[in-house]
Structures are given as C-alpha cells and as structure tokens.
>>> print(open('work_36.pdb').read())   # PDB, C-alpha atoms, pLDDT in the B column
MODEL        1
ATOM      1  CA  MET K 107       2.004  -8.638  13.605  1.00 46.00           C
ATOM      2  CA  THR K 108       1.447  -5.196  12.179  1.00 51.00           C
ATOM      3  CA  THR K 109       2.979  -3.923   8.979  1.00 52.00           C
ATOM      4  CA  SER K 110       3.508  -0.406   7.818  1.00 54.00           C
ATOM      5  CA  SER K 111       1.168   0.727   5.077  1.00 54.00           C
ATOM      6  CA  LYS K 112       3.462   3.584   4.099  1.00 55.00           C
ATOM      7  CA  PRO K 113       5.038   3.176   0.679  1.00 55.00           C
ATOM      8  CA  HIS K 114       8.796   2.801   0.700  1.00 55.00           C
ATOM      9  CA  PHE K 115      10.954   5.440  -0.922  1.00 56.00           C
ATOM     10  CA  LEU K 116      12.185   4.151  -4.285  1.00 53.00           C
ATOM     11  CA  LEU K 117      15.912   4.523  -3.557  1.00 49.00           C
ATOM     12  CA  VAL K 118      15.712   2.671  -0.247  1.00 52.00           C
ATOM     13  CA  SER K 119      15.498  -0.681  -1.997  1.00 56.00           C
ATOM     14  CA  LYS K 120      18.809  -2.501  -2.311  1.00 62.00           C
ATOM     15  CA  GLY K 121      18.664  -2.555  -6.075  1.00 68.00           C
ATOM     16  CA  LEU K 122      18.749   1.215  -6.569  1.00 72.00           C
ATOM     17  CA  LEU K 123      20.641   2.528  -3.583  1.00 79.00           C
ATOM     18  CA  VAL K 124      24.016   0.972  -4.377  1.00 83.00           C
ATOM     19  CA  PRO K 125      24.352   2.202  -8.013  1.00 83.00           C
ATOM     20  CA  PHE K 126      23.115   5.648  -7.030  1.00 86.00           C
ATOM     21  CA  ALA K 127      25.610   5.853  -4.166  1.00 88.00           C
ATOM     22  CA  LEU K 128      28.451   4.705  -6.469  1.00 89.00           C
ATOM     23  CA  VAL K 129      27.650   7.364  -9.065  1.00 90.00           C
ATOM     24  CA  VAL K 130      27.482  10.089  -6.428  1.00 93.00           C
ATOM     25  CA  PHE K 131      30.692   8.868  -4.780  1.00 94.00           C
ATOM     26  CA  MET K 132      32.618   8.703  -8.069  1.00 91.00           C
ATOM     27  CA  THR K 133      31.343  12.162  -9.061  1.00 92.00           C
ATOM     28  CA  LEU K 134      32.511  13.615  -5.749  1.00 95.00           C
ATOM     29  CA  LEU K 135      35.930  11.981  -6.183  1.00 93.00           C
ATOM     30  CA  TYR K 136      36.151  13.376  -9.741  1.00 92.00           C
ATOM     31  CA  VAL K 137      35.239  16.878  -8.568  1.00 93.00           C
ATOM     32  CA  ALA K 138      37.779  16.589  -5.745  1.00 94.00           C
ATOM     33  CA  GLY K 139      40.458  15.795  -8.341  1.00 92.00           C
ATOM     34  CA  VAL K 140      41.526  12.335  -7.183  1.00 93.00           C
ATOM     35  CA  PRO K 141      44.038  11.394  -9.909  1.00 94.00           C
ATOM     36  CA  TRP K 142      43.069   7.764 -10.572  1.00 93.00           C
ATOM     37  CA  VAL K 143      39.362   8.675 -10.743  1.00 92.00           C
ATOM     38  CA  VAL K 144      40.002  11.546 -13.144  1.00 93.00           C
ATOM     39  CA  VAL K 145      42.103   9.326 -15.425  1.00 94.00           C
ATOM     40  CA  ALA K 146      39.598   6.461 -15.316  1.00 92.00           C
ATOM     41  CA  LEU K 147      36.571   8.623 -16.081  1.00 90.00           C
ATOM     42  CA  ASP K 148      38.379  10.548 -18.815  1.00 93.00           C
ATOM     43  CA  GLU K 149      39.358   7.240 -20.454  1.00 94.00           C
ATOM     44  CA  PHE K 150      35.777   6.023 -20.147  1.00 91.00           C
ATOM     45  CA  TRP K 151      34.388   9.079 -21.930  1.00 89.00           C
ATOM     46  CA  GLU K 152      37.079   8.850 -24.622  1.00 93.00           C
ATOM     47  CA  GLY K 153      35.941   5.273 -25.226  1.00 89.00           C
ATOM     48  CA  VAL K 154      32.366   6.480 -25.547  1.00 85.00           C
ATOM     49  CA  ASP K 155      33.537   9.069 -28.089  1.00 87.00           C
ATOM     50  CA  ARG K 156      35.337   6.336 -30.069  1.00 88.00           C
ATOM     51  CA  LEU K 157      32.073   4.365 -30.240  1.00 83.00           C
ATOM     52  CA  ALA K 158      30.605   7.183 -32.338  1.00 82.00           C
ATOM     53  CA  ALA K 159      32.839   6.005 -35.187  1.00 87.00           C
ATOM     54  CA  HIS K 160      30.855   2.741 -35.308  1.00 88.00           C
ATOM     55  CA  PRO K 161      27.258   3.653 -36.221  1.00 87.00           C
ATOM     56  CA  ARG K 162      25.966   0.061 -36.283  1.00 90.00           C
ATOM     57  CA  LEU K 163      27.224  -0.591 -32.782  1.00 88.00           C
ATOM     58  CA  MET K 164      25.793   2.707 -31.571  1.00 85.00           C
ATOM     59  CA  SER K 165      22.398   1.969 -33.104  1.00 90.00           C
ATOM     60  CA  PHE K 166      22.400  -1.485 -31.477  1.00 92.00           C
ATOM     61  CA  LEU K 167      23.316  -0.027 -28.077  1.00 89.00           C
ATOM     62  CA  THR K 168      20.663   2.664 -28.467  1.00 91.00           C
ATOM     63  CA  ALA K 169      17.980   0.097 -29.305  1.00 95.00           C
ATOM     64  CA  LEU K 170      19.097  -2.096 -26.416  1.00 96.00           C
ATOM     65  CA  SER K 171      18.966   0.809 -23.970  1.00 95.00           C
ATOM     66  CA  TRP K 172      15.452   1.734 -25.160  1.00 96.00           C
ATOM     67  CA  ALA K 173      14.314  -1.867 -24.707  1.00 97.00           C
ATOM     68  CA  VAL K 174      15.738  -2.040 -21.188  1.00 95.00           C
ATOM     69  CA  ALA K 175      14.172   1.315 -20.296  1.00 96.00           C
ATOM     70  CA  ALA K 176      10.805   0.139 -21.663  1.00 96.00           C
ATOM     71  CA  LEU K 177      11.071  -3.023 -19.579  1.00 94.00           C
ATOM     72  CA  PHE K 178      11.695  -1.014 -16.409  1.00 92.00           C
ATOM     73  CA  VAL K 179       8.796   1.328 -17.172  1.00 93.00           C
ATOM     74  CA  TYR K 180       6.527  -1.668 -17.802  1.00 92.00           C
ATOM     75  CA  ARG K 181       7.545  -3.333 -14.522  1.00 87.00           C
ATOM     76  CA  PHE K 182       7.073  -0.098 -12.590  1.00 89.00           C
ATOM     77  CA  TYR K 183       3.619   0.403 -14.140  1.00 91.00           C
ATOM     78  CA  ARG K 184       2.602  -3.167 -13.257  1.00 86.00           C
ATOM     79  CA  LEU K 185       3.672  -2.613  -9.640  1.00 85.00           C
ATOM     80  CA  TYR K 186       1.780   0.688  -9.599  1.00 88.00           C
ATOM     81  CA  LEU K 187      -1.406  -1.053 -10.809  1.00 87.00           C
ATOM     82  CA  TRP K 188      -0.899  -3.858  -8.284  1.00 85.00           C
ATOM     83  CA  ASP K 189      -0.604  -1.274  -5.512  1.00 84.00           C
ATOM     84  CA  LYS K 190      -3.821   0.471  -6.591  1.00 88.00           C
ATOM     85  CA  ARG K 191      -5.694  -2.838  -6.756  1.00 86.00           C
ATOM     86  CA  VAL K 192      -4.502  -3.881  -3.303  1.00 85.00           C
ATOM     87  CA  PHE K 193      -5.488  -0.518  -1.817  1.00 87.00           C
ATOM     88  CA  SER K 194      -8.991  -0.606  -3.297  1.00 86.00           C
ATOM     89  CA  ALA K 195      -9.458  -4.254  -2.228  1.00 84.00           C
ATOM     90  CA  LEU K 196      -8.363  -3.432   1.328  1.00 83.00           C
ATOM     91  CA  GLU K 197     -10.930  -0.627   1.426  1.00 85.00           C
ATOM     92  CA  ALA K 198     -13.629  -2.981   0.135  1.00 84.00           C
ATOM     93  CA  VAL K 199     -12.843  -5.649   2.746  1.00 81.00           C
ATOM     94  CA  VAL K 200     -14.224  -3.410   5.484  1.00 79.00           C
ATOM     95  CA  ALA K 201     -17.230  -2.318   3.393  1.00 77.00           C
ATOM     96  CA  PRO K 202     -20.703  -3.041   4.801  1.00 80.00           C
ATOM     97  CA  SER K 203     -21.765  -4.934   1.676  1.00 77.00           C
ATOM     98  CA  SER K 204     -21.090  -8.662   1.900  1.00 80.00           C
ATOM     99  CA  SER K 205     -20.817  -8.990  -1.886  1.00 81.00           C
ATOM    100  CA  ARG K 206     -18.075  -6.324  -1.961  1.00 82.00           C
ATOM    101  CA  GLN K 207     -16.306  -8.053   0.909  1.00 81.00           C
ATOM    102  CA  HIS K 208     -16.407 -11.386  -0.898  1.00 81.00           C
ATOM    103  CA  LEU K 209     -15.015  -9.890  -4.100  1.00 83.00           C
ATOM    104  CA  ALA K 210     -12.361  -8.009  -2.119  1.00 84.00           C
ATOM    105  CA  TRP K 211     -11.194 -11.196  -0.368  1.00 82.00           C
ATOM    106  CA  ARG K 212     -10.999 -13.011  -3.696  1.00 84.00           C
ATOM    107  CA  SER K 213      -9.022 -10.113  -5.149  1.00 84.00           C
ATOM    108  CA  LEU K 214      -6.623  -9.991  -2.209  1.00 84.00           C
ATOM    109  CA  THR K 215      -5.926 -13.714  -2.281  1.00 82.00           C
ATOM    110  CA  HIS K 216      -5.359 -13.531  -6.024  1.00 83.00           C
ATOM    111  CA  LEU K 217      -3.083 -10.484  -5.723  1.00 83.00           C
ATOM    112  CA  ALA K 218      -1.091 -12.206  -2.972  1.00 81.00           C
ATOM    113  CA  THR K 219      -0.170 -14.981  -5.384  1.00 81.00           C
ATOM    114  CA  ALA K 220       0.258 -12.908  -8.554  1.00 78.00           C
ATOM    115  CA  GLU K 221       3.204 -13.725 -10.810  1.00 78.00           C
ATOM    116  CA  GLY K 222       6.076 -11.320 -11.309  1.00 73.00           C
ATOM    117  CA  LEU K 223       5.878  -9.528  -7.981  1.00 78.00           C
ATOM    118  CA  PRO K 224       8.842  -8.985  -5.704  1.00 78.00           C
ATOM    119  CA  LYS K 225       8.939 -11.435  -2.818  1.00 81.00           C
ATOM    120  CA  ASN K 226       8.763  -8.668  -0.220  1.00 82.00           C
ATOM    121  CA  GLU K 227       5.503  -7.326  -1.707  1.00 82.00           C
ATOM    122  CA  ARG K 228       3.981 -10.796  -1.713  1.00 81.00           C
ATOM    123  CA  ASP K 229       5.103 -11.344   1.898  1.00 84.00           C
ATOM    124  CA  TRP K 230       3.696  -7.952   2.908  1.00 84.00           C
ATOM    125  CA  LEU K 231       0.266  -8.736   1.480  1.00 83.00           C
ATOM    126  CA  SER K 232       0.260 -12.158   3.129  1.00 84.00           C
ATOM    127  CA  ALA K 233       1.045 -10.475   6.453  1.00 85.00           C
ATOM    128  CA  VAL K 234      -1.795  -7.990   5.919  1.00 83.00           C
ATOM    129  CA  LEU K 235      -4.202 -10.844   5.194  1.00 82.00           C
ATOM    130  CA  GLU K 236      -3.087 -12.590   8.400  1.00 83.00           C
ATOM    131  CA  ASP K 237      -3.588  -9.368  10.372  1.00 81.00           C
ATOM    132  CA  LEU K 238      -7.092  -8.995   8.977  1.00 77.00           C
ATOM    133  CA  HIS K 239      -7.917 -12.554  10.050  1.00 74.00           C
ATOM    134  CA  GLU K 240      -6.528 -11.879  13.546  1.00 75.00           C
ATOM    135  CA  ARG K 241      -8.577  -8.683  13.911  1.00 72.00           C
ATOM    136  CA  GLY K 242     -11.797 -10.486  13.161  1.00 66.00           C
ATOM    137  CA  VAL K 243     -12.398  -9.336   9.597  1.00 61.00           C
ATOM    138  CA  HIS K 244     -13.329 -12.700   8.153  1.00 59.00           C
ATOM    139  CA  GLN K 245     -13.965 -13.744   4.619  1.00 59.00           C
ATOM    140  CA  PRO K 246     -17.685 -14.118   3.914  1.00 54.00           C
ATOM    141  CA  THR K 247     -18.720 -17.743   3.560  1.00 53.00           C
ATOM    142  CA  THR K 248     -21.706 -17.099   1.311  1.00 49.00           C
ATOM    143  CA  SER K 249     -21.392 -16.440  -2.374  1.00 48.00           C
ATOM    144  CA  PRO K 250     -22.407 -12.968  -3.513  1.00 47.00           C
ATOM    145  CA  VAL K 251     -25.564 -12.603  -5.546  1.00 45.00           C
ATOM    146  CA  CYS K 252     -24.794 -10.750  -8.742  1.00 44.00           C
TER     147      CYS K 252
ENDMDL
END
>>> encode(input="work_36.pdb", output="structure tokens")
Amino acid sequence: MTTSSKPHFLLVSKGLLVPFALVVFMTLLYVAGVPWVVVALDEFWEGVDRLAAHPRLMSFLTALSWAVAALFVYRFYRLYLWDKRVFSALEAVVAPSSSRQHLAWRSLTHLATAEGLPKNERDWLSAVLEDLHERGVHQPTTSPVC
C-alpha cells in the first residue's frame, strides 16, 4: 500500500469546502439579483447594523470571535509542527546512523498516536509505517548509545 506524500490543499477537506462553496454561491446569486437572496442578505446586514446599538453584546461577540480564531490558529500551528516532525523523522529513518534510526522510529510511533490529530493524519502515518516495514526498513533492535 503506497500513500501520497503530497500535502492536501486546505480547501479540499470536507470541513472547509462546503462553507466556502456556500459563500461563493450566495454571493453569485446576490450579484445576479435573485430576489429572495437579495432580501435575505439585506435583512441579515440590517440585523448586524442593529447589533451596533448593543455595545455589550458586540464586545462579547468580538471576544468570542477572537477566541475562536485563536483556537483555529493554534490547531493549525500544532498540525504544522506535527508535519515538520514527521518529515524530519522519516528522513532520519533512512539515515546510516543506527542511533538516529532508533530515535526516528520512536518519534514516528509516538507521533502516530499523538492526541488531538485528525483521524486521517493518524491513519496516514500508520500506513507509512506499515509501508516502511514492508520495504525492509526495520526498527533497530539495539538501544542507541548516547
């Protein structure tokens, strides 16, 4: 079983493609002048304007939106670090040094079971580990000397 090592485009995932497509679709309908879309979006923006009369509610919504944005940035950064660690460990697995190979295998097995990762990333790394075993790149049995 071989897996692609190419990173997936961010909008291809199910979680981001649908909202993006809905926004684009509704914008195109608004520009085209579809009556029910124009009325609905105009009412929506009038409601947003009415929220400006309630400063406490606006400050709460602003703080909430900043917290949600910070959470997404944090999750994205954690996935970015995970990706860098996996890439460097995969390079070290094929290194000539047995101590680097041992540390790389330990890192890969740890990263394959890390908390908070999407299931597809965990499955991908497990498949890569299986492919490495099938190709004959085996985990060193001796402990590295530090």
>>> atom_distance(input="work_36.pdb", atom1="CA of Val174 in chain K", atom2="CA of Leu122 in chain K")
15.3 Å
>>> closest_residue(input="work_36.pdb", among="K:Leu135, K:Val124, K:Tyr186, K:Trp172", to="Glu227 in chain K", atoms="all atoms listed in the file")
K:Tyr186
>>> closest_residue(input="work_36.pdb", among="K:Tyr136, K:Trp230, K:Phe131, K:Trp211", to="Leu196 in chain K", atoms="all atoms listed in the file")
K:Trp211
>>> atom_distance(input="work_36.pdb", atom1="CA of Tyr180 in chain K", atom2="CA of Ala195 in chain K")
22.5 Å
>>> resolve_selection(input="work_36.pdb", expression="the PyMOL selection byres ((chain K and resi 192) around 12)", output="VMD selection string")
chain K and resid 111 185 to 191 193 to 199 210 to 218 220 227 to 228 230 to 232 234 to 235
>>> atom_distance(input="work_36.pdb", atom1="CA of Leu238 in chain K", atom2="CA of Gly222 in chain K")
24.3 Å
>>> closest_residue(input="work_36.pdb", among="K:Thr168, K:Val143, K:Glu221, K:Arg156", to="Arg181 in chain K", atoms="all atoms listed in the file")
K:Glu221
